[in-house]
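Below: model_14.cif (mmCIF, C-alpha atoms)
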```
data_final
#
loop_
_atom_site.group_PDB
_atom_site.id
_atom_site.type_symbol
_atom_site.label_atom_id
_atom_site.label_comp_id
_atom_site.auth_asym_id
_atom_site.auth_seq_id
_atom_site.Cartn_x
_atom_site.Cartn_y
_atom_site.Cartn_z
ATOM 1 C CA MET A 1 -18.673 -11.716 2.837
ATOM 2 C CA THR A 2 -22.100 -10.885 1.576
ATOM 3 C CA GLY A 3 -22.735 -7.304 0.583
ATOM 4 C CA LEU A 4 -19.099 -6.231 0.265
ATOM 5 C CA THR A 5 -18.027 -4.352 -2.764
ATOM 6 C CA PRO A 6 -15.538 -5.810 -5.243
ATOM 7 C CA ILE A 7 -11.909 -4.831 -5.156
ATOM 8 C CA LYS A 8 -9.128 -4.598 -7.681
ATOM 9 C CA LYS A 9 -5.570 -5.461 -6.808
ATOM 10 C CA LEU A 10 -2.223 -4.529 -8.297
ATOM 11 C CA THR A 11 0.741 -6.551 -7.089
ATOM 12 C CA ALA A 12 4.377 -6.202 -8.050
ATOM 13 C CA ILE A 13 7.718 -6.687 -6.315
ATOM 14 C CA LEU A 14 11.343 -5.804 -6.979
ATOM 15 C CA ALA A 15 13.864 -8.385 -5.832
ATOM 16 C CA PHE A 16 16.820 -7.340 -3.689
ATOM 17 C CA ILE A 17 19.127 -8.135 -6.578
ATOM 18 C CA ALA A 18 19.127 -6.626 -10.061
ATOM 19 C CA THR A 19 16.528 -8.959 -11.523
ATOM 20 C CA THR A 20 12.765 -8.454 -11.118
ATOM 21 C CA SER A 21 9.952 -10.936 -10.811
ATOM 22 C CA ALA A 22 6.191 -11.015 -10.353
ATOM 23 C CA PHE A 23 5.079 -11.747 -6.851
ATOM 24 C CA THR A 24 1.793 -13.143 -5.585
ATOM 25 C CA PRO A 25 1.142 -13.158 -1.844
ATOM 26 C CA GLN A 26 0.609 -16.634 -0.424
ATOM 27 C CA PRO A 27 -2.593 -17.352 1.509
ATOM 28 C CA LEU A 28 -2.393 -17.333 5.261
ATOM 29 C CA LYS A 29 -2.119 -20.783 6.813
ATOM 30 C CA ASN A 30 -3.952 -21.933 9.894
ATOM 31 C CA THR A 31 -1.712 -22.427 12.896
ATOM 32 C CA ILE A 32 -2.220 -24.105 16.265
ATOM 33 C CA ARG A 33 -0.589 -22.356 19.196
ATOM 34 C CA SER A 34 0.110 -23.742 22.654
ATOM 35 C CA LYS A 35 -2.110 -22.444 25.440
ATOM 36 C CA PHE A 36 1.073 -21.731 27.365
ATOM 37 C CA SER A 37 3.011 -18.588 26.518
ATOM 38 C CA ARG A 38 6.492 -17.358 27.313
ATOM 39 C CA THR A 39 7.170 -13.866 28.635
ATOM 40 C CA ALA A 40 10.430 -12.113 27.799
ATOM 41 C CA ILE A 41 11.790 -8.694 28.712
ATOM 42 C CA ASP A 42 13.423 -6.759 25.883
ATOM 43 C CA LEU A 43 16.206 -4.854 27.650
ATOM 44 C CA PHE A 44 17.554 -3.094 24.579
ATOM 45 C CA GLY A 45 14.835 -2.939 21.928
ATOM 46 C CA GLU A 46 14.884 -1.625 18.401
ATOM 47 C CA ALA A 47 17.397 1.171 19.042
ATOM 48 C CA PHE A 48 20.013 -1.338 20.190
ATOM 49 C CA GLU A 49 19.433 -3.553 17.140
ATOM 50 C CA LYS A 50 19.782 -0.592 14.792
ATOM 51 C CA ALA A 51 23.165 0.295 16.245
ATOM 52 C CA PHE A 52 24.698 -2.714 14.486
ATOM 53 C CA GLU A 53 22.823 -2.346 11.202
ATOM 54 C CA GLU A 54 24.530 -1.244 8.011
ATOM 55 C CA GLU A 55 23.426 2.209 6.826
ATOM 56 C CA GLY A 56 21.735 2.411 3.419
ATOM 57 C CA PRO A 57 20.376 5.304 1.322
ATOM 58 C CA LEU A 58 17.216 5.423 3.459
ATOM 59 C CA GLY A 59 18.693 4.341 6.760
ATOM 60 C CA LYS A 60 18.965 0.931 8.363
ATOM 61 C CA GLY A 61 17.074 -2.332 7.964
ATOM 62 C CA ILE A 62 13.716 -2.802 6.222
ATOM 63 C CA THR A 63 10.322 -1.246 6.931
ATOM 64 C CA VAL A 64 6.904 -2.674 6.099
ATOM 65 C CA GLY A 65 4.136 -0.093 6.187
ATOM 66 C CA LYS A 66 0.516 0.511 5.319
ATOM 67 C CA ILE A 67 -1.567 3.627 4.819
ATOM 68 C CA GLN A 68 -5.308 3.726 4.158
ATOM 69 C CA ILE A 69 -7.286 6.733 2.978
ATOM 70 C CA ALA A 70 -11.073 7.049 2.864
ATOM 71 C CA LEU A 71 -12.416 9.804 0.634
ATOM 72 C CA SER A 72 -15.721 10.881 -0.834
ATOM 73 C CA LEU A 73 -16.225 10.809 -4.612
ATOM 74 C CA SER A 74 -19.013 12.322 -6.652
ATOM 75 C CA GLY A 75 -20.653 10.383 -9.475
ATOM 76 C CA PRO A 76 -18.759 12.205 -12.266
ATOM 77 C CA GLU A 77 -15.470 11.823 -10.414
ATOM 78 C CA ARG A 78 -15.817 8.049 -10.419
ATOM 79 C CA THR A 79 -15.765 7.917 -14.226
ATOM 80 C CA SER A 80 -13.466 10.877 -14.943
ATOM 81 C CA LYS A 81 -10.310 9.978 -16.844
ATOM 82 C CA ASP A 82 -8.365 12.143 -14.384
ATOM 83 C CA SER A 83 -9.712 10.534 -11.199
ATOM 84 C CA ILE A 84 -7.542 8.508 -8.851
ATOM 85 C CA LEU A 85 -9.680 5.437 -9.566
ATOM 86 C CA SER A 86 -8.913 5.763 -13.279
ATOM 87 C CA LEU A 87 -5.202 6.041 -12.452
ATOM 88 C CA LEU A 88 -5.317 2.834 -10.428
ATOM 89 C CA GLU A 89 -7.373 1.014 -13.047
ATOM 90 C CA ASN A 90 -4.895 1.934 -15.775
ATOM 91 C CA SER A 91 -1.991 0.796 -13.605
ATOM 92 C CA ALA A 92 -3.739 -2.523 -12.982
ATOM 93 C CA ARG A 93 -4.452 -3.053 -16.683
ATOM 94 C CA ASN A 94 -0.759 -2.519 -17.387
ATOM 95 C CA SER A 95 0.579 -4.284 -14.299
ATOM 96 C CA GLU A 96 3.309 -6.083 -16.265
ATOM 97 C CA ASP A 97 4.776 -2.679 -17.090
ATOM 98 C CA THR A 98 5.410 -2.005 -13.397
ATOM 99 C CA LEU A 99 8.256 -4.526 -13.512
ATOM 100 C CA GLU A 100 10.074 -2.533 -16.182
ATOM 101 C CA TYR A 101 12.527 0.368 -15.991
ATOM 102 C CA ASP A 102 12.983 3.644 -17.829
ATOM 103 C CA ASP A 103 15.286 3.426 -20.843
ATOM 104 C CA ASP A 104 17.860 5.671 -19.160
ATOM 105 C CA TYR A 105 17.782 3.758 -15.867
ATOM 106 C CA GLU A 106 21.211 2.181 -16.469
ATOM 107 C CA ASP A 107 22.638 5.676 -16.978
ATOM 108 C CA GLY A 108 21.496 6.701 -13.511
ATOM 109 C CA TYR A 109 18.595 8.924 -14.563
ATOM 110 C CA GLY A 110 15.467 6.783 -14.953
ATOM 111 C CA ASP A 111 13.300 5.062 -12.364
ATOM 112 C CA SER A 112 11.645 1.701 -11.976
ATOM 113 C CA HIS A 113 8.037 1.758 -13.170
ATOM 114 C CA LEU A 114 6.980 0.253 -9.850
ATOM 115 C CA SER A 115 8.305 3.286 -7.982
ATOM 116 C CA GLN A 116 6.618 5.594 -10.494
ATOM 117 C CA MET A 117 3.280 3.885 -9.873
ATOM 118 C CA CYS A 118 3.713 4.255 -6.107
ATOM 119 C CA HIS A 119 4.735 7.900 -6.519
ATOM 120 C CA LYS A 120 1.745 8.737 -8.750
ATOM 121 C CA THR A 121 -0.672 7.044 -6.352
ATOM 122 C CA CYS A 122 0.605 9.089 -3.397
ATOM 123 C CA LEU A 123 0.419 12.345 -5.360
ATOM 124 C CA ALA A 124 -3.090 11.572 -6.582
ATOM 125 C CA LEU A 125 -4.211 10.945 -3.007
ATOM 126 C CA MET A 126 -2.642 14.186 -1.761
ATOM 127 C CA ARG A 127 -4.403 16.161 -4.472
ATOM 128 C CA LYS A 128 -7.721 14.846 -3.143
ATOM 129 C CA SER A 129 -7.059 15.880 0.469
ATOM 130 C CA ASP A 130 -10.111 18.169 0.492
ATOM 131 C CA ASP A 131 -12.261 15.041 0.073
ATOM 132 C CA TRP A 132 -10.592 12.915 2.750
ATOM 133 C CA ILE A 133 -12.867 11.690 5.529
ATOM 134 C CA GLY A 134 -10.492 9.351 7.343
ATOM 135 C CA ALA A 135 -7.087 7.665 7.325
ATOM 136 C CA CYS A 136 -4.758 5.398 9.285
ATOM 137 C CA SER A 137 -1.264 3.948 9.056
ATOM 138 C CA GLU A 138 0.969 1.384 10.707
ATOM 139 C CA SER A 139 4.493 0.060 10.221
ATOM 140 C CA LYS A 140 7.048 -2.406 11.535
ATOM 141 C CA TRP A 141 10.833 -2.314 11.252
ATOM 142 C CA PHE A 142 13.081 -5.343 10.616
ATOM 143 C CA LYS A 143 16.803 -5.928 10.656
ATOM 144 C CA GLY A 144 18.397 -6.321 7.246
ATOM 145 C CA GLU A 145 19.045 -10.004 7.880
ATOM 146 C CA ASP A 146 15.326 -10.509 8.567
ATOM 147 C CA GLY A 147 14.232 -9.824 5.005
ATOM 148 C CA ALA A 148 12.147 -13.013 4.947
ATOM 149 C CA LYS A 149 10.242 -11.878 8.040
ATOM 150 C CA ALA A 150 9.584 -8.507 6.431
ATOM 151 C CA GLU A 151 8.264 -10.193 3.302
ATOM 152 C CA SER A 152 6.091 -12.467 5.426
ATOM 153 C CA LEU A 153 4.494 -9.513 7.216
ATOM 154 C CA PHE A 154 3.963 -7.761 3.889
ATOM 155 C CA ASN A 155 2.144 -10.882 2.674
ATOM 156 C CA GLN A 156 0.041 -11.066 5.836
ATOM 157 C CA TRP A 157 -1.083 -7.463 5.615
ATOM 158 C CA ALA A 158 -1.908 -7.831 1.915
ATOM 159 C CA ASP A 159 -3.862 -11.029 2.544
ATOM 160 C CA ARG A 160 -5.702 -9.389 5.427
ATOM 161 C CA GLU A 161 -6.967 -6.655 3.109
ATOM 162 C CA ALA A 162 -7.772 -9.053 0.269
ATOM 163 C CA ALA A 163 -9.808 -11.273 2.595
ATOM 164 C CA LYS A 164 -12.292 -8.447 3.159
ATOM 165 C CA PHE A 165 -13.670 -8.821 -0.355
ATOM 166 C CA GLU A 166 -15.433 -11.473 -2.360
ATOM 167 C CA LYS A 167 -13.385 -11.147 -5.546
ATOM 168 C CA GLU A 168 -10.643 -9.223 -7.304
ATOM 169 C CA TYR A 169 -10.954 -8.056 -10.876
ATOM 170 C CA ILE A 170 -10.181 -5.274 -13.333
ATOM 171 C CA PRO A 171 -13.323 -3.951 -15.058
ATOM 172 C CA ASP A 172 -13.415 -2.823 -18.645
ATOM 173 C CA GLU A 173 -12.993 0.835 -19.452
ATOM 174 C CA VAL A 174 -16.209 2.844 -19.511
ATOM 175 C CA PRO A 175 -16.965 6.195 -21.204
ATOM 176 C CA SER A 176 -16.508 9.212 -18.951
ATOM 177 C CA SER A 177 -20.135 10.104 -19.675
ATOM 178 C CA THR A 178 -21.339 6.959 -17.864
ATOM 179 C CA GLU A 179 -23.587 7.805 -14.920
ATOM 180 C CA SER A 180 -22.592 6.718 -11.447
ATOM 181 C CA SER A 181 -23.643 7.422 -7.865
ATOM 182 C CA PRO A 182 -21.567 9.235 -5.232
ATOM 183 C CA THR A 183 -19.634 6.934 -2.921
ATOM 184 C CA ILE A 184 -16.942 6.659 -0.309
ATOM 185 C CA ALA A 185 -13.777 5.049 -1.644
ATOM 186 C CA VAL A 186 -11.070 3.406 0.456
ATOM 187 C CA ILE A 187 -7.569 3.070 -0.958
ATOM 188 C CA SER A 188 -4.963 0.952 0.825
ATOM 189 C CA LEU A 189 -1.256 1.165 0.015
ATOM 190 C CA ILE A 190 1.070 -1.480 1.471
ATOM 191 C CA ILE A 191 4.814 -1.134 0.951
ATOM 192 C CA GLU A 192 8.064 -2.845 1.831
ATOM 193 C CA ILE A 193 10.944 -0.404 1.640
ATOM 194 C CA GLN A 194 14.587 -0.480 2.652
ATOM 195 C CA GLY A 195 15.728 1.677 5.559
ATOM 196 C CA ASP A 196 14.001 3.278 8.515
ATOM 197 C CA SER A 197 13.609 6.894 7.432
ATOM 198 C CA THR A 198 10.213 6.672 5.706
ATOM 199 C CA ASN A 199 7.554 8.345 7.837
ATOM 200 C CA LEU A 200 4.645 5.931 8.292
ATOM 201 C CA SER A 201 3.181 7.153 11.579
ATOM 202 C CA ARG A 202 0.158 9.222 12.623
ATOM 203 C CA ALA A 203 -1.848 9.174 9.397
ATOM 204 C CA GLY A 204 -5.412 9.990 10.412
ATOM 205 C CA PHE A 205 -4.452 12.189 13.364
ATOM 206 C CA SER A 206 -4.708 15.267 11.143
ATOM 207 C CA ILE A 207 -4.807 16.207 7.475
ATOM 208 C CA ALA A 208 -1.289 17.637 7.711
ATOM 209 C CA GLU A 209 0.213 14.513 9.305
ATOM 210 C CA THR A 210 -1.503 12.281 6.742
ATOM 211 C CA LYS A 211 -0.007 14.381 3.945
ATOM 212 C CA GLU A 212 3.416 13.995 5.559
ATOM 213 C CA VAL A 213 3.130 10.207 5.420
ATOM 214 C CA LEU A 214 2.124 10.225 1.744
ATOM 215 C CA ALA A 215 4.832 12.765 0.894
ATOM 216 C CA SER A 216 7.454 10.640 2.643
ATOM 217 C CA ILE A 217 6.440 7.521 0.717
ATOM 218 C CA ALA A 218 6.292 9.447 -2.569
ATOM 219 C CA SER A 219 9.789 10.805 -2.018
ATOM 220 C CA ASP A 220 11.506 7.697 -0.661
ATOM 221 C CA CYS A 221 10.041 5.243 -3.170
ATOM 222 C CA ARG A 222 12.083 6.870 -5.970
ATOM 223 C CA VAL A 223 15.431 6.958 -4.156
ATOM 224 C CA GLU A 224 18.193 5.177 -6.093
ATOM 225 C CA GLY A 225 15.909 4.926 -9.120
ATOM 226 C CA GLY A 226 13.318 3.019 -7.086
ATOM 227 C CA ASP A 227 15.727 0.258 -6.025
ATOM 228 C CA CYS A 228 14.980 0.881 -2.334
ATOM 229 C CA LEU A 229 11.336 -0.025 -2.884
ATOM 230 C CA ASN A 230 11.039 -3.787 -2.482
ATOM 231 C CA ALA A 231 7.292 -4.257 -2.887
ATOM 232 C CA VAL A 232 4.012 -2.392 -3.303
ATOM 233 C CA GLU A 233 0.427 -3.570 -3.238
ATOM 234 C CA VAL A 234 -2.581 -1.309 -3.790
ATOM 235 C CA PHE A 235 -6.200 -2.168 -2.977
ATOM 236 C CA TRP A 236 -9.208 0.011 -3.648
ATOM 237 C CA SER A 237 -12.955 -0.229 -3.365
ATOM 238 C CA PRO A 238 -15.533 0.122 -4.805
ATOM 239 C CA SER A 239 -14.624 -0.720 -8.390
ATOM 240 C CA ASP A 240 -17.975 -1.567 -9.976
ATOM 241 C CA LEU A 241 -19.857 1.617 -10.863
ATOM 242 C CA ALA A 242 -23.055 -0.001 -9.627
ATOM 243 C CA GLU A 243 -21.582 -0.413 -6.144
ATOM 244 C CA VAL A 244 -21.648 2.231 -3.412
ATOM 245 C CA LEU A 245 -19.578 2.155 -0.224
ATOM 246 C CA THR A 246 -21.422 3.827 2.650
ATOM 247 C CA GLU A 247 -20.109 5.195 5.927
ATOM 248 C CA ARG A 248 -21.521 2.136 7.675
ATOM 249 C CA ASP A 249 -19.636 -0.165 5.275
ATOM 250 C CA THR A 250 -16.471 1.772 5.960
ATOM 251 C CA VAL A 251 -16.828 1.413 9.726
ATOM 252 C CA LEU A 252 -17.522 -2.326 9.466
ATOM 253 C CA ASP A 253 -14.831 -3.218 6.913
ATOM 254 C CA PHE A 254 -12.132 -0.702 7.881
ATOM 255 C CA PRO A 255 -12.524 -0.173 11.661
ATOM 256 C CA GLU A 256 -8.926 1.037 11.975
ATOM 257 C CA LEU A 257 -9.688 4.238 10.000
ATOM 258 C CA ILE A 258 -9.592 7.437 12.071
ATOM 259 C CA SER A 259 -12.160 10.046 11.041
ATOM 260 C CA PHE A 260 -10.998 13.613 10.474
#
```

Serialized structure, structure tokens:
Amino acid sequence: MTGLTPIKKLTAILAFIATTSAFTPQPLKNTIRSKFSRTAIDLFGEAFEKAFEEEGPLGKGITVGKIQIALSLSGPERTSKDSILSLLENSARNSEDTLEYDDDYEDGYGDSHLSQMCHKTCLALMRKSDDWIGACSESKWFKGEDGAKAESLFNQWADREAAKFEKEYIPDEVPSSTESSPTIAVISLIIEIQGDSTNLSRAGFSIAETKEVLASIASDCRVEGGDCLNAVEVFWSPSDLAEVLTERDTVLDFPELISF
């Protein structure tokens, strides 16, 4: 789409078994649906399905969730080595490392690097809460046997965010003294995590409730050394220092955001 700012993407996934592998979301395929629809009444719902699910460290089944945060950044903050954008850029440049584990992981002490990246991103966002201007979140729960459906929804949500932008890239490092203009930045975090205990509701309704969602993700993503975290994808914009995201751009490209 013309006029949209570039985006950078970091993708990594942990398999349900001990091995790890890189994962690239597949593009959405066009489908043709019948003009006739079928109506069904769900007499029992999610609570009934959960009654027969096996309990894990974070509860039952699998949850796919997304949280988006819009925040204002000054020019110096955009190029600061301590900014959240710098954290995400460094993670993207070393994306292969997110599939590794700490040396003491086998001894029950270390974590997966993927979970550490997710944890650091949530903490960095919480530390910038004074600059938040909007947020939103959504989630969907799946039975444990529906892991493929959970992965499919994760892919769909990731593709939906990626489709908003013209390209994905990781820019070269720039000196912190480089001049840049103030901007609004939007950071989207999409996760697939085992269990149903992670709080992914009501981000955007208040600063406090948005912090609760980020704190829940930050805590749960490191349970069992990060093995409960199946997948994470992070999008952020703008990335080019010459680009500026305005409030109008935010409303047009991220209409689901709720202003504080």

Show which residues sit within 12 Å of Ile84 in chain A, as a PyMOL selection string. Count all atoms listed in the file, and ignore same-chain residues fewer than 3 positions away.
-> chain A and resi 69+71-73+77-81+87-91+117+120-129+185-187+236-237+239

Selection result for the PyMOL selection byres ((chain A and resi 216-228) around 8) on this file, as a PyMOL selection string = chain A and resi 14+57-58+105+108-112+114-116+118-120+122-123+193-195+198-200+212-215+229-230

Would you mind reading off the distance between CA of His113 in chain A and CA of Ala158 in chain A, one decimal, in Å?
->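 Result for CA of His113 in chain A versus CA of Ala158 in chain A: 20.5 Å, one decimal.
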
Explicit residue set for the PyMOL selection byres ((chain A and resi 232) around 6), as number ranges by chain | A: 190-191, 231, 233

A:Glu49, A:Glu161, A:Glu100, A:Asp146 ranked by distance to Phe254 in chain A, top pick (using only C-alpha atoms) | A:Glu161

Give me, please, the distance in Å between CA of Thr250 in chain A and CA of Pro175 in chain A, quoted to one decimal.
-> 27.5 Å

Using all atoms of range 171-187 of chain A that appear in the file, construct an axis-aligned enclosing box with 5 Å of padding on every side and provide its centre coordinates and edge lengths in Å, rounded to one decimal, as JSON.
```
{"center_x": -15.6, "center_y": 3.1, "center_z": -10.4, "size_x": 26.1, "size_y": 24.1, "size_z": 31.7}
```

Atomic distance CA of Thr183 in chain A - CA of Ile170 in chain A, expressed in Å with one decimal =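 Computed distance, CA of Thr183 in chain A to CA of Ile170 in chain A, equals 18.6 Å.
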
Can you tell me, as a ChimeraX atom specification, what residues are no more than 8 Å from Glu179 in chain A when counting all atoms listed in the file, ignoring any on the same chain fewer than 2 positions away?
-> /A:75-76,79,177,181

List the residues selected by the PyMOL selection byres ((chain A and resi 205) around 10) in the file shown, writing them as an mmCIF file with C-alpha atoms, in the coordinates of the input.
```cif
data_model
loop_
_atom_site.group_PDB
_atom_site.id
_atom_site.type_symbol
_atom_site.label_atom_id
_atom_site.label_comp_id
_atom_site.auth_asym_id
_atom_site.auth_seq_id
_atom_site.Cartn_x
_atom_site.Cartn_y
_atom_site.Cartn_z
ATOM 1 C CA GLY A 134 -10.492 9.351 7.343
ATOM 2 C CA ALA A 135 -7.087 7.665 7.325
ATOM 3 C CA CYS A 136 -4.758 5.398 9.285
ATOM 4 C CA SER A 137 -1.264 3.948 9.056
ATOM 5 C CA SER A 201 3.181 7.153 11.579
ATOM 6 C CA ARG A 202 0.158 9.222 12.623
ATOM 7 C CA ALA A 203 -1.848 9.174 9.397
ATOM 8 C CA GLY A 204 -5.412 9.990 10.412
ATOM 9 C CA SER A 206 -4.708 15.267 11.143
ATOM 10 C CA ILE A 207 -4.807 16.207 7.475
ATOM 11 C CA ALA A 208 -1.289 17.637 7.711
ATOM 12 C CA GLU A 209 0.213 14.513 9.305
ATOM 13 C CA THR A 210 -1.503 12.281 6.742
ATOM 14 C CA ILE A 258 -9.592 7.437 12.071
ATOM 15 C CA SER A 259 -12.160 10.046 11.041
ATOM 16 C CA PHE A 260 -10.998 13.613 10.474
#
```
